[in-house]
Amino acid sequence: MAGYSPARRSTVHRWLLVLPFGWQILAAPVVNDVRFAPLHIPFPMVWQMLGIVLTTVVVSIVFVLDRRAGVDDEEAELLEKTGSER
């Protein structure tokens, strides 16, 4: 297909970014009822802290997979065509 770059074909991995959303929003009602308190910290607070770690890992993975897919090259090509500078 004309105009269909390889980077656009291989961005399915971006669906991984839904995981942190599900972690925070979909599981909140279940987590709020947990009475377990590790290190005397309420479990919902521990859940939020673990969500930060999960989000960091997922965004890092997506970043690496984007680079492998050639998104950096595609961006550089776009900037060159439009005359924009980084």
# chains A, B, ... in the order shown; residues from 1 in each chain; ligands from 1
$ residues_around --residues "A:Gln24" --least-positions-apart "3" --cutoff "10 Å" --atoms "only C-alpha atoms" --output "PyMOL selection string"
chain A and resi 19-21+27-29+31+47-48+51-52+55
$ atom_distance --atom1 "atom CA of A:Val64" --atom2 "atom CA of A:Leu50"
21.3 Å
$ select_by_dssp --residues "chain A" --states "alpha helix (DSSP H)" --output "PDB file with C-alpha atoms, in the first residue's frame"
ATOM      1  CA  PRO A   6       6.195  -0.242   8.521  1.00  0.00           C
ATOM      2  CA  ALA A   7       6.070   1.692  11.810  1.00  0.00           C
ATOM      3  CA  ARG A   8       2.295   2.069  11.510  1.00  0.00           C
ATOM      4  CA  ARG A   9       1.871  -1.668  11.021  1.00  0.00           C
ATOM      5  CA  VAL A  18      -4.463  -0.004  28.593  1.00  0.00           C
ATOM      6  CA  LEU A  19      -3.044  -2.105  31.455  1.00  0.00           C
ATOM      7  CA  PRO A  20      -2.327   0.808  33.839  1.00  0.00           C
ATOM      8  CA  PHE A  21      -5.796   2.212  33.137  1.00  0.00           C
ATOM      9  CA  ALA A  28     -10.491   0.112  42.392  1.00  0.00           C
ATOM     10  CA  PRO A  29     -13.864  -1.154  43.684  1.00  0.00           C
ATOM     11  CA  VAL A  30     -12.364  -4.545  44.528  1.00  0.00           C
ATOM     12  CA  VAL A  31      -9.211  -3.125  46.110  1.00  0.00           C
ATOM     13  CA  PHE A  43      -3.901  -1.801  50.946  1.00  0.00           C
ATOM     14  CA  PRO A  44      -5.420   0.737  48.500  1.00  0.00           C
ATOM     15  CA  MET A  45      -2.337   2.917  49.014  1.00  0.00           C
ATOM     16  CA  VAL A  46      -0.031  -0.042  48.366  1.00  0.00           C
ATOM     17  CA  TRP A  47      -2.121  -0.807  45.258  1.00  0.00           C
ATOM     18  CA  GLN A  48      -1.596   2.757  43.984  1.00  0.00           C
ATOM     19  CA  MET A  49       2.161   2.559  44.561  1.00  0.00           C
ATOM     20  CA  LEU A  50       2.342  -0.749  42.710  1.00  0.00           C
ATOM     21  CA  GLY A  51       0.318   0.875  39.929  1.00  0.00           C
ATOM     22  CA  ILE A  52       3.017   3.534  39.569  1.00  0.00           C
ATOM     23  CA  VAL A  53       5.633   0.819  39.170  1.00  0.00           C
ATOM     24  CA  LEU A  54       3.447  -1.070  36.662  1.00  0.00           C
ATOM     25  CA  THR A  55       2.843   2.103  34.649  1.00  0.00           C
ATOM     26  CA  THR A  56       6.557   2.881  34.541  1.00  0.00           C
ATOM     27  CA  VAL A  57       7.376  -0.620  33.314  1.00  0.00           C
ATOM     28  CA  VAL A  58       4.618  -0.615  30.670  1.00  0.00           C
ATOM     29  CA  VAL A  59       5.552   2.829  29.315  1.00  0.00           C
ATOM     30  CA  SER A  60       9.221   1.756  29.167  1.00  0.00           C
ATOM     31  CA  ILE A  61       8.331  -1.392  27.253  1.00  0.00           C
ATOM     32  CA  VAL A  62       6.186   0.572  24.787  1.00  0.00           C
ATOM     33  CA  PHE A  63       8.998   3.104  24.334  1.00  0.00           C
ATOM     34  CA  VAL A  64      11.507   0.356  23.485  1.00  0.00           C
ATOM     35  CA  LEU A  65       9.080  -1.385  21.138  1.00  0.00           C
ATOM     36  CA  ASP A  66       8.318   1.943  19.425  1.00  0.00           C
ATOM     37  CA  ARG A  67      12.017   2.497  18.792  1.00  0.00           C
ATOM     38  CA  ARG A  68      12.354  -1.015  17.348  1.00  0.00           C
ATOM     39  CA  ALA A  69       9.357  -0.328  15.110  1.00  0.00           C
ATOM     40  CA  VAL A  71       8.943   5.417  15.110  1.00  0.00           C
ATOM     41  CA  ASP A  72      12.037   7.609  15.657  1.00  0.00           C
ATOM     42  CA  ASP A  73      12.910   7.334  11.966  1.00  0.00           C
ATOM     43  CA  GLU A  74       9.339   8.150  11.003  1.00  0.00           C
ATOM     44  CA  GLU A  75       9.356  11.222  13.255  1.00  0.00           C
ATOM     45  CA  ALA A  76      12.693  12.431  11.868  1.00  0.00           C
ATOM     46  CA  GLU A  77      11.364  11.986   8.333  1.00  0.00           C
ATOM     47  CA  LEU A  78       8.238  13.982   9.192  1.00  0.00           C
ATOM     48  CA  LEU A  79      10.283  16.774  10.761  1.00  0.00           C
ATOM     49  CA  GLU A  80      12.508  16.889   7.706  1.00  0.00           C
ATOM     50  CA  LYS A  81       9.527  17.121   5.351  1.00  0.00           C
ATOM     51  CA  THR A  82       7.818  19.855   7.363  1.00  0.00           C
TER      52      THR A  82
END
$ atom_distance --atom1 "atom CA of A:Ile25" --atom2 "atom CA of A:Leu39"
24.4 Å
